[in-house]
>>> print(open('input_25.cif').read())   # mmCIF, C-alpha atoms
data_upload
loop_
_atom_site.label_atom_id
_atom_site.label_comp_id
_atom_site.auth_asym_id
_atom_site.auth_seq_id
_atom_site.Cartn_x
_atom_site.Cartn_y
_atom_site.Cartn_z
CA MET G 74 36.76 21.08 6.31
CA GLU G 75 36.28 17.56 5.00
CA GLY G 76 37.94 16.44 8.24
CA PHE G 77 35.23 18.16 10.31
CA LEU G 78 32.51 16.46 8.27
CA GLN G 79 34.18 13.08 8.70
CA GLN G 80 34.53 13.66 12.44
CA ASP G 81 30.84 14.53 12.75
CA ARG G 82 29.91 11.38 10.84
CA LEU G 83 32.12 9.21 13.03
CA GLN G 84 30.66 10.76 16.19
CA ASN G 85 27.13 10.48 14.80
CA ARG G 86 26.76 14.24 15.23
CA LYS G 87 24.19 16.04 13.13
CA THR G 88 26.11 19.03 11.82
CA PRO G 89 23.84 22.10 12.00
CA GLU G 90 22.54 23.23 8.62
CA ALA G 91 23.84 26.79 9.11
CA GLU G 92 27.31 25.40 9.85
CA LEU G 93 27.22 23.31 6.67
CA ARG G 94 26.14 26.31 4.62
CA LEU G 95 29.07 28.31 6.00
CA MET G 96 31.43 25.45 5.09
CA GLY G 97 29.97 25.39 1.60
CA ALA G 98 30.42 29.14 1.19
CA ALA G 99 34.04 28.84 2.34
CA ASN G 100 34.71 26.08 -0.20
CA LEU G 101 33.26 28.24 -2.96
CA GLN G 102 35.49 31.10 -1.82
CA LEU G 103 38.49 28.77 -1.94
CA LYS G 104 37.43 27.50 -5.38
CA ASP G 105 37.34 23.93 -4.07
CA PRO G 106 34.61 22.15 -6.08
CA GLN G 107 35.22 18.75 -4.47
CA GLY G 108 35.00 20.25 -0.98
CA TYR G 109 31.77 22.05 -1.87
CA PHE G 110 30.34 18.84 -3.31
CA SER G 111 31.18 16.99 -0.07
CA VAL G 112 29.27 19.64 1.89
CA LEU G 113 26.30 19.32 -0.46
CA MET G 114 26.31 15.54 0.03
CA ARG G 115 26.07 16.10 3.77
CA LEU G 116 23.26 18.63 3.28
CA ILE G 117 21.13 16.26 1.21
CA ASP G 118 21.86 13.55 3.75
CA LEU G 119 20.74 15.59 6.77
CA TYR G 120 18.53 18.35 5.34
CA PRO G 121 17.30 17.17 1.91
CA THR G 122 15.51 19.83 -0.10
CA LYS G 123 14.71 20.13 -3.77
CA ALA G 124 17.16 23.04 -4.09
CA TYR G 125 20.03 21.17 -2.40
CA TRP G 126 19.41 18.19 -4.66
CA ALA G 127 19.50 20.37 -7.78
CA ASP G 128 22.76 22.01 -6.72
CA THR G 129 24.35 18.66 -5.84
CA ILE G 130 23.49 17.04 -9.18
CA VAL G 131 24.64 20.01 -11.24
CA ARG G 132 27.87 20.31 -9.24
CA LEU G 133 28.56 16.61 -9.76
CA THR G 134 28.46 17.04 -13.54
CA ASN G 135 31.01 19.86 -13.24
CA LEU G 136 33.50 18.00 -11.06
CA PRO G 137 36.89 17.17 -12.61
CA GLY G 138 36.76 13.61 -13.86
CA PHE G 139 33.00 13.43 -14.35
CA ASN G 140 32.40 10.90 -17.13
CA SER G 141 30.15 12.47 -19.77
CA ARG G 142 28.68 9.03 -20.51
CA TYR G 143 26.57 9.59 -17.40
CA GLU G 144 24.94 12.87 -18.44
CA LEU G 145 21.63 11.10 -19.02
CA ASP G 146 21.90 9.51 -15.57
CA ALA G 147 22.33 12.99 -14.06
CA TYR G 148 19.18 14.17 -15.84
CA ARG G 149 17.35 11.11 -14.50
CA LEU G 150 18.25 12.22 -10.99
CA LEU G 151 17.09 15.76 -11.74
CA ALA G 152 13.75 14.34 -12.87
CA GLU G 153 13.53 12.00 -9.87
CA THR G 154 14.05 14.91 -7.45
CA GLY G 155 11.54 17.18 -9.20
CA ASN G 156 14.24 19.43 -10.63
CA LEU G 157 13.56 19.02 -14.33
CA GLU G 158 11.95 22.40 -14.94
CA GLU G 159 13.29 24.26 -17.97
CA SER G 160 12.39 23.51 -21.58
CA ALA G 161 16.07 23.16 -22.46
CA GLU G 162 16.45 20.51 -19.76
CA TYR G 163 13.56 18.47 -21.16
CA THR G 164 14.84 18.66 -24.72
CA GLU G 165 18.45 17.92 -23.81
CA MET G 166 17.43 14.91 -21.74
CA ALA G 167 15.28 13.66 -24.61
CA GLU G 168 18.11 14.17 -27.11
CA LEU G 169 20.54 12.28 -24.85
CA ALA G 170 18.04 9.42 -24.58
CA LEU G 171 17.63 9.32 -28.36
CA LYS G 172 21.42 9.34 -28.80
CA ALA G 173 21.63 6.41 -26.36
CA GLY G 174 19.09 4.48 -28.44
CA LEU G 175 16.30 4.86 -25.85
CA PRO G 176 13.44 6.55 -27.72
CA ALA G 177 10.81 5.32 -25.24
CA GLU G 178 12.50 7.37 -22.52
CA ALA G 179 12.82 10.37 -24.82
CA LEU G 180 9.15 10.12 -25.70
CA ARG G 181 8.11 9.95 -22.04
CA VAL G 182 10.21 13.01 -21.16
CA LEU G 183 8.87 15.04 -24.08
CA GLU G 184 5.27 14.07 -23.39
CA ALA G 185 5.71 15.09 -19.74
CA GLY G 186 7.14 18.45 -20.85
CA HIS G 187 4.16 19.05 -23.12
CA GLN G 188 1.65 17.99 -20.47
CA LYS G 189 3.17 20.45 -17.99
CA GLY G 190 3.03 23.25 -20.56
CA ILE G 191 6.81 23.63 -20.57
CA LEU G 192 7.23 22.41 -24.14
CA GLY G 193 5.17 23.11 -27.24
CA LYS G 194 4.90 26.87 -26.95
CA GLY G 195 6.80 29.98 -27.95
CA ALA G 196 9.51 30.25 -30.58
CA GLU G 197 10.65 26.66 -30.03
CA ALA G 198 7.22 25.05 -30.41
CA ALA G 199 7.91 23.73 -33.91
CA ALA G 200 11.27 22.27 -32.86
CA HIS G 201 9.62 20.60 -29.88
CA ALA G 202 6.97 19.09 -32.15
CA ARG G 203 9.62 17.70 -34.54
CA LEU G 204 11.56 16.16 -31.67
CA LEU G 205 8.38 14.62 -30.27
CA GLU G 206 7.49 13.12 -33.66
CA GLN G 207 11.01 11.74 -34.03
CA ALA G 208 10.80 10.09 -30.62
CA ARG G 209 7.37 8.62 -31.40
CA LYS G 210 8.59 7.13 -34.66
CA LYS G 211 11.73 5.62 -33.14
CA ALA G 212 9.85 4.30 -30.10
CA LYS G 213 7.42 2.49 -32.38
CA GLU G 214 10.34 0.96 -34.30
CA ASP G 215 11.95 -0.12 -31.02
CA ASP G 216 8.72 -1.79 -29.85
CA ALA G 217 8.80 -3.96 -32.95
CA MET G 218 12.50 -4.82 -32.58
CA LEU G 219 12.68 -5.58 -28.84
CA PRO G 220 11.48 -9.22 -29.01
CA GLN G 221 14.08 -9.96 -31.68
CA LEU G 222 16.78 -8.21 -29.65
CA GLU G 223 15.87 -10.26 -26.60
CA GLN G 224 15.80 -13.57 -28.47
CA GLY G 225 19.20 -12.89 -30.03
CA ALA G 226 20.98 -11.81 -26.83
CA ARG G 227 23.97 -14.06 -26.16
CA ASP G 228 26.55 -12.00 -24.25
CA GLY G 229 26.68 -9.36 -21.54
CA ASN G 230 26.61 -6.38 -23.90
CA ALA G 231 23.58 -7.69 -25.80
CA TRP G 232 21.72 -8.28 -22.53
CA MET G 233 22.70 -4.79 -21.41
CA ALA G 234 20.97 -3.39 -24.50
CA VAL G 235 17.86 -5.44 -23.67
CA ALA G 236 17.94 -4.21 -20.06
CA GLU G 237 18.25 -0.57 -21.15
CA ALA G 238 15.32 -0.96 -23.53
CA HIS G 239 13.10 -2.38 -20.77
CA ALA G 240 14.22 0.33 -18.33
CA ALA G 241 13.42 3.01 -20.91
CA LYS G 242 9.89 1.60 -21.06
CA GLN G 243 9.79 1.38 -17.23
CA ASN G 244 9.33 -2.40 -17.40
CA TRP G 245 11.31 -2.65 -14.18
CA PRO G 246 11.08 -6.40 -13.35
CA ALA G 247 12.05 -7.28 -16.94
CA ALA G 248 14.89 -4.75 -16.77
CA VAL G 249 16.22 -6.32 -13.55
CA LEU G 250 16.25 -9.79 -15.13
CA ALA G 251 18.07 -8.50 -18.19
CA TYR G 252 20.64 -6.60 -16.10
CA ASP G 253 21.21 -9.82 -14.13
CA LYS G 254 21.89 -11.70 -17.37
CA ALA G 255 24.16 -8.89 -18.58
CA LEU G 256 26.26 -9.09 -15.41
CA GLN G 257 26.31 -12.90 -15.39
CA SER G 258 27.02 -13.53 -19.08
CA GLY G 259 30.55 -12.13 -19.12
CA GLY G 260 32.33 -9.82 -21.54
CA LEU G 261 30.43 -6.76 -20.32
CA ARG G 262 32.29 -3.59 -21.30
CA ARG G 263 30.98 -1.34 -18.51
CA GLU G 264 30.13 -3.40 -15.45
CA ALA G 265 29.82 -0.44 -13.06
CA GLU G 266 27.36 1.27 -15.39
CA ALA G 267 25.25 -1.88 -15.48
CA GLY G 268 25.41 -2.15 -11.70
CA LEU G 269 24.30 1.46 -11.20
CA ARG G 270 21.31 1.02 -13.49
CA ARG G 271 20.45 -2.42 -12.12
CA GLY G 272 20.18 -0.71 -8.72
CA ILE G 273 17.80 1.88 -10.14
CA ALA G 274 15.66 -0.85 -11.72
CA LEU G 275 15.58 -2.76 -8.42
CA PHE G 276 14.52 0.39 -6.56
CA LYS G 277 11.82 1.16 -9.12
CA ALA G 278 10.62 -2.46 -8.90
CA GLY G 279 10.10 -2.00 -5.15
CA ARG G 280 13.20 -3.92 -4.03
CA LYS G 281 14.81 -1.13 -2.01
CA ALA G 282 17.14 -3.28 0.12
CA ASP G 283 18.50 -5.07 -2.96
CA ALA G 284 18.99 -1.73 -4.70
CA GLN G 285 20.95 -0.33 -1.75
CA ALA G 286 23.15 -3.44 -1.65
CA GLN G 287 23.83 -3.15 -5.39
CA TRP G 288 24.81 0.52 -5.16
CA LYS G 289 27.03 0.00 -2.13
CA ALA G 290 28.91 -2.79 -3.93
CA LEU G 291 29.85 -0.60 -6.91
CA GLN G 292 33.52 0.12 -7.48
CA GLY G 293 36.01 0.99 -10.18
CA ASP G 294 34.16 3.84 -11.92
CA SER G 295 34.22 7.02 -9.83
CA THR G 296 31.27 8.67 -11.61
CA ALA G 297 29.10 5.57 -11.27
CA VAL G 298 30.03 5.34 -7.58
CA GLN G 299 29.14 9.01 -7.00
CA LEU G 300 25.79 8.60 -8.75
CA ALA G 301 25.14 5.44 -6.75
CA SER G 302 25.82 7.39 -3.55
CA LEU G 303 23.20 9.94 -4.56
CA TRP G 304 20.64 7.23 -5.34
CA THR G 305 21.44 5.57 -2.02
CA LEU G 306 20.52 8.79 -0.20
CA LEU G 307 17.44 9.40 -2.34
CA ALA G 308 16.09 5.86 -1.92
CA ARG G 309 16.23 5.70 1.87
#
>>> encode(input="input_25.cif", output="structure tokens")
Amino acid sequence: MEGFLQQDRLQNRKTPEAELRLMGAANLQLKDPQGYFSVLMRLIDLYPTKAYWADTIVRLTNLPGFNSRYELDAYRLLAETGNLEESAEYTEMAELALKAGLPAEALRVLEAGHQKGILGKGAEAAAHARLLEQARKKAKEDDAMLPQLEQGARDGNAWMAVAEAHAAKQNWPAAVLAYDKALQSGGLRREAEAGLRRGIALFKAGRKADAQAQWKALQGDSTAVQLASLWTLLAR
């Protein structure tokens, strides 16, 4: 079935949505997760809907070989496509951001969940409040430490930490500059990860063409490349 999809792409044929859905159902029947994911990629390319996006992102995280380091990136895509809806999704994304040392992002996610009335009620209200307070405290500490972190950055990994901190605060131009320094300074442990997130920062800073070029140039890390492909479709 992947061959049919490839043939349609080469011939610039818009595969009918019903045909793609049938292909997807057949892949599920055959227990072929990669084949089903390929069909979903074609669906969000040709017929993007919120539901197709949600299924694609979730299926990506369940593919063999998905690197769990990118769980937070998957949640970012869920949020970007309007698919962050359940209280558990908000809290897990916030906890992943805190674990990554990005309390500003955790705080933003938790505040959004409370504003929408998804968090802060029911049996979990007290737990939500504790998590929110933890994020507030750590975000305040990070605000005080960021200038020192930036002044002391000397290698690619240190600049990566600076870039992530700016991105967590949605300071996109500053994040782009720091990602540039991370990629240029050498010794960077995870270059593809930096490239993926530099692309996101470029897109968020309004530099769509540069973001697309960055994502298309990614190689070496299959999960980063797959996530970049999704952002490429989303940012068209």
>>> atom_distance(input="input_25.cif", atom1="atom CA of Glu264 of chain G", atom2="atom CA of Gln224 of chain G")
21.9 Å
>>> closest_atom_pairs(input="input_25.cif", of="segment 251-275 of chain G", to="segment 290-300 of chain G", cutoff="10 Å", atoms="only C-alpha atoms", output="Markdown table")
| residue | atom | partner | partner_atom | distance |
| --- | --- | --- | --- | --- |
| G:Arg263 | CA | G:Asp294 | CA | 9.0 |
| G:Glu264 | CA | G:Leu291 | CA | 9.0 |
| G:Ala265 | CA | G:Leu291 | CA | 6.2 |
| G:Glu266 | CA | G:Ala297 | CA | 6.2 |
| G:Ala267 | CA | G:Ala297 | CA | 9.4 |
| G:Gly268 | CA | G:Leu291 | CA | 6.7 |
| G:Leu269 | CA | G:Ala297 | CA | 6.3 |
| G:Arg270 | CA | G:Ala297 | CA | 9.3 |
| G:Gly272 | CA | G:Leu291 | CA | 9.8 |
>>> closest_atom_pairs(input="input_25.cif", of="segment 269-306 of chain G", to="segment 233-251 of chain G", cutoff="10 Å", atoms="all atoms listed in the file", output="tab-separated table")
residue	atom	partner	partner_atom	distance
G:Arg270	CA	G:Glu237	CA	8.4
G:Arg271	CA	G:Val249	CA	5.9
G:Gly272	CA	G:Val249	CA	8.4
G:Ile273	CA	G:Trp245	CA	8.9
G:Ala274	CA	G:Trp245	CA	5.3
G:Leu275	CA	G:Val249	CA	6.3
G:Phe276	CA	G:Trp245	CA	8.8
G:Lys277	CA	G:Trp245	CA	6.4
G:Ala278	CA	G:Trp245	CA	5.3
G:Gly279	CA	G:Trp245	CA	9.1
G:Arg280	CA	G:Pro246	CA	9.9
>>> atom_distance(input="input_25.cif", atom1="atom CA of Gln207 of chain G", atom2="atom CA of Ile130 of chain G")
28.3 Å
>>> residues_around(input="input_25.cif", residues="Ser141 of chain G", least_positions_apart="6", cutoff="12 Å", atoms="only C-alpha atoms", output="list in words")
Leu133, Thr134, Asn135, Ala147, Tyr148, Leu169, Thr296 and Ala297 of chain G
>>> write_last_selection(input="input_25.cif", atoms="C-alpha atoms", output="PDB file, in the frame of the given file")
ATOM      1  CA  LEU G 133      28.560  16.610  -9.760  1.00  0.00           C
ATOM      2  CA  THR G 134      28.460  17.040 -13.540  1.00  0.00           C
ATOM      3  CA  ASN G 135      31.010  19.860 -13.240  1.00  0.00           C
ATOM      4  CA  ALA G 147      22.330  12.990 -14.060  1.00  0.00           C
ATOM      5  CA  TYR G 148      19.180  14.170 -15.840  1.00  0.00           C
ATOM      6  CA  LEU G 169      20.540  12.280 -24.850  1.00  0.00           C
ATOM      7  CA  THR G 296      31.270   8.670 -11.610  1.00  0.00           C
ATOM      8  CA  ALA G 297      29.100   5.570 -11.270  1.00  0.00           C
TER       9      ALA G 297
END
>>> residues_near_point(input="input_25.cif", point="(4.6, 15.8, -16.3)", cutoff="12 Å", atoms="all atoms listed in the file", output="PyMOL selection string")
chain G and resi 152-153+155-158+163+180-192
>>> resolve_selection(input="input_25.cif", expression="the PyMOL selection byres ((chain G and resi 136) around 10)", output="ChimeraX atom specification")
/G:105-107,110,131-135,137-140,296
>>> write_last_selection(input="input_25.cif", atoms="C-alpha atoms", output="PDB file, in the coordinates of the input")
ATOM      1  CA  ASP G 105      37.340  23.930  -4.070  1.00  0.00           C
ATOM      2  CA  PRO G 106      34.610  22.150  -6.080  1.00  0.00           C
ATOM      3  CA  GLN G 107      35.220  18.750  -4.470  1.00  0.00           C
ATOM      4  CA  PHE G 110      30.340  18.840  -3.310  1.00  0.00           C
ATOM      5  CA  VAL G 131      24.640  20.010 -11.240  1.00  0.00           C
ATOM      6  CA  ARG G 132      27.870  20.310  -9.240  1.00  0.00           C
ATOM      7  CA  LEU G 133      28.560  16.610  -9.760  1.00  0.00           C
ATOM      8  CA  THR G 134      28.460  17.040 -13.540  1.00  0.00           C
ATOM      9  CA  ASN G 135      31.010  19.860 -13.240  1.00  0.00           C
ATOM     10  CA  PRO G 137      36.890  17.170 -12.610  1.00  0.00           C
ATOM     11  CA  GLY G 138      36.760  13.610 -13.860  1.00  0.00           C
ATOM     12  CA  PHE G 139      33.000  13.430 -14.350  1.00  0.00           C
ATOM     13  CA  ASN G 140      32.400  10.900 -17.130  1.00  0.00           C
ATOM     14  CA  THR G 296      31.270   8.670 -11.610  1.00  0.00           C
TER      15      THR G 296
END
>>> residues_around(input="input_25.cif", residues="Gly260 of chain G", least_positions_apart="4", cutoff="12 Å", atoms="all atoms listed in the file", output="list in words")
Arg227, Asp228, Gly229, Asn230, Ala231, Trp232, Met233, Lys254, Ala255, Leu256 and Glu264 of chain G
>>> resolve_selection(input="input_25.cif", expression="the PyMOL selection byres ((chain G and resi 88-100) around 8)", output="ChimeraX atom specification")
/G:74,78,81,86-87,101-106,108-109,112-113,115-116,120
>>> atom_distance(input="input_25.cif", atom1="atom CA of Ala199 of chain G", atom2="atom CA of Lys213 of chain G")
21.3 Å
>>> resolve_selection(input="input_25.cif", expression="the PyMOL selection byres ((chain G and resi 206) around 12)", output="CSV table (one decimal) with C-alpha atoms, keeping the file's coordinate frame")
chain,number,residue,atom,x,y,z
G,167,ALA,CA,15.3,13.7,-24.6
G,176,PRO,CA,13.4,6.6,-27.7
G,177,ALA,CA,10.8,5.3,-25.2
G,179,ALA,CA,12.8,10.4,-24.8
G,180,LEU,CA,9.2,10.1,-25.7
G,183,LEU,CA,8.9,15.0,-24.1
G,184,GLU,CA,5.3,14.1,-23.4
G,199,ALA,CA,7.9,23.7,-33.9
G,200,ALA,CA,11.3,22.3,-32.9
G,201,HIS,CA,9.6,20.6,-29.9
G,202,ALA,CA,7.0,19.1,-32.2
G,203,ARG,CA,9.6,17.7,-34.5
G,204,LEU,CA,11.6,16.2,-31.7
G,205,LEU,CA,8.4,14.6,-30.3
G,207,GLN,CA,11.0,11.7,-34.0
G,208,ALA,CA,10.8,10.1,-30.6
G,209,ARG,CA,7.4,8.6,-31.4
G,210,LYS,CA,8.6,7.1,-34.7
G,211,LYS,CA,11.7,5.6,-33.1
G,212,ALA,CA,9.8,4.3,-30.1
G,213,LYS,CA,7.4,2.5,-32.4
>>> closest_residue(input="input_25.cif", among="G:Glu165, G:Glu178, G:Trp288, G:Thr129", to="Leu150 of chain G", atoms="all atoms listed in the file")
G:Thr129
>>> residues_around(input="input_25.cif", residues="Leu306 of chain G", least_positions_apart="6", cutoff="9 Å", atoms="only C-alpha atoms", output="ChimeraX atom specification")
/G:114,117-118
>>> closest_residue(input="input_25.cif", among="G:Ala286, G:Thr164, G:Leu219, G:Arg309", to="Ala198 of chain G", atoms="all atoms listed in the file")
G:Thr164
>>> decode(input="input_25.cif", residues="segment 82-104 of chain G", atoms="N, CA and C atoms", output="CSV table (one decimal), in the first residue's frame")
chain,number,residue,atom,x,y,z
G,82,ARG,N,1.9,10.2,-5.1
G,82,ARG,CA,2.7,11.4,-4.9
G,82,ARG,C,3.6,11.8,-6.1
G,83,LEU,N,4.1,10.7,-6.7
G,83,LEU,CA,5.0,11.0,-7.9
G,83,LEU,C,4.1,11.5,-9.1
G,84,GLN,N,2.9,11.0,-9.2
G,84,GLN,CA,2.0,11.5,-10.3
G,84,GLN,C,1.2,12.7,-9.9
G,85,ASN,N,1.5,13.2,-8.7
G,85,ASN,CA,0.8,14.4,-8.3
G,85,ASN,C,-0.7,14.2,-8.2
G,86,ARG,N,-1.1,13.0,-7.9
G,86,ARG,CA,-2.5,12.6,-7.8
G,86,ARG,C,-3.0,12.8,-6.3
G,87,LYS,N,-4.1,13.4,-6.2
G,87,LYS,CA,-4.7,13.6,-4.8
G,87,LYS,C,-5.5,12.4,-4.5
G,88,THR,N,-4.9,11.5,-3.7
G,88,THR,CA,-5.6,10.2,-3.4
G,88,THR,C,-6.9,10.6,-2.6
G,89,PRO,N,-8.1,10.1,-3.1
G,89,PRO,CA,-9.3,10.4,-2.4
G,89,PRO,C,-9.3,10.0,-0.9
G,90,GLU,N,-9.9,10.8,-0.1
G,90,GLU,CA,-9.9,10.6,1.4
G,90,GLU,C,-10.5,9.2,1.7
G,91,ALA,N,-11.6,8.8,1.1
G,91,ALA,CA,-12.2,7.5,1.4
G,91,ALA,C,-11.2,6.4,1.1
G,92,GLU,N,-10.5,6.5,0.0
G,92,GLU,CA,-9.5,5.5,-0.4
G,92,GLU,C,-8.4,5.4,0.7
G,93,LEU,N,-7.9,6.6,1.2
G,93,LEU,CA,-6.9,6.6,2.2
G,93,LEU,C,-7.4,5.9,3.5
G,94,ARG,N,-8.7,6.2,3.8
G,94,ARG,CA,-9.3,5.6,5.0
G,94,ARG,C,-9.3,4.1,4.9
G,95,LEU,N,-9.7,3.6,3.7
G,95,LEU,CA,-9.7,2.2,3.5
G,95,LEU,C,-8.3,1.6,3.7
G,96,MET,N,-7.3,2.3,3.1
G,96,MET,CA,-5.9,1.8,3.3
G,96,MET,C,-5.5,1.8,4.7
G,97,GLY,N,-5.9,2.8,5.5
G,97,GLY,CA,-5.6,2.8,6.9
G,97,GLY,C,-6.2,1.7,7.6
G,98,ALA,N,-7.5,1.4,7.3
G,98,ALA,CA,-8.2,0.3,8.0
G,98,ALA,C,-7.5,-1.0,7.7
G,99,ALA,N,-7.1,-1.2,6.4
G,99,ALA,CA,-6.4,-2.4,6.0
G,99,ALA,C,-5.1,-2.6,6.8
G,100,ASN,N,-4.4,-1.5,7.0
G,100,ASN,CA,-3.1,-1.5,7.7
G,100,ASN,C,-3.4,-1.9,9.2
G,101,LEU,N,-4.4,-1.4,9.8
G,101,LEU,CA,-4.8,-1.7,11.1
G,101,LEU,C,-5.1,-3.2,11.2
G,102,GLN,N,-5.8,-3.7,10.2
G,102,GLN,CA,-6.2,-5.1,10.2
G,102,GLN,C,-5.0,-6.0,10.1
G,103,LEU,N,-4.0,-5.5,9.3
G,103,LEU,CA,-2.7,-6.3,9.1
G,103,LEU,C,-1.7,-6.1,10.3
G,104,LYS,N,-2.1,-5.2,11.2
G,104,LYS,CA,-1.2,-4.9,12.4
G,104,LYS,C,0.1,-4.3,11.9
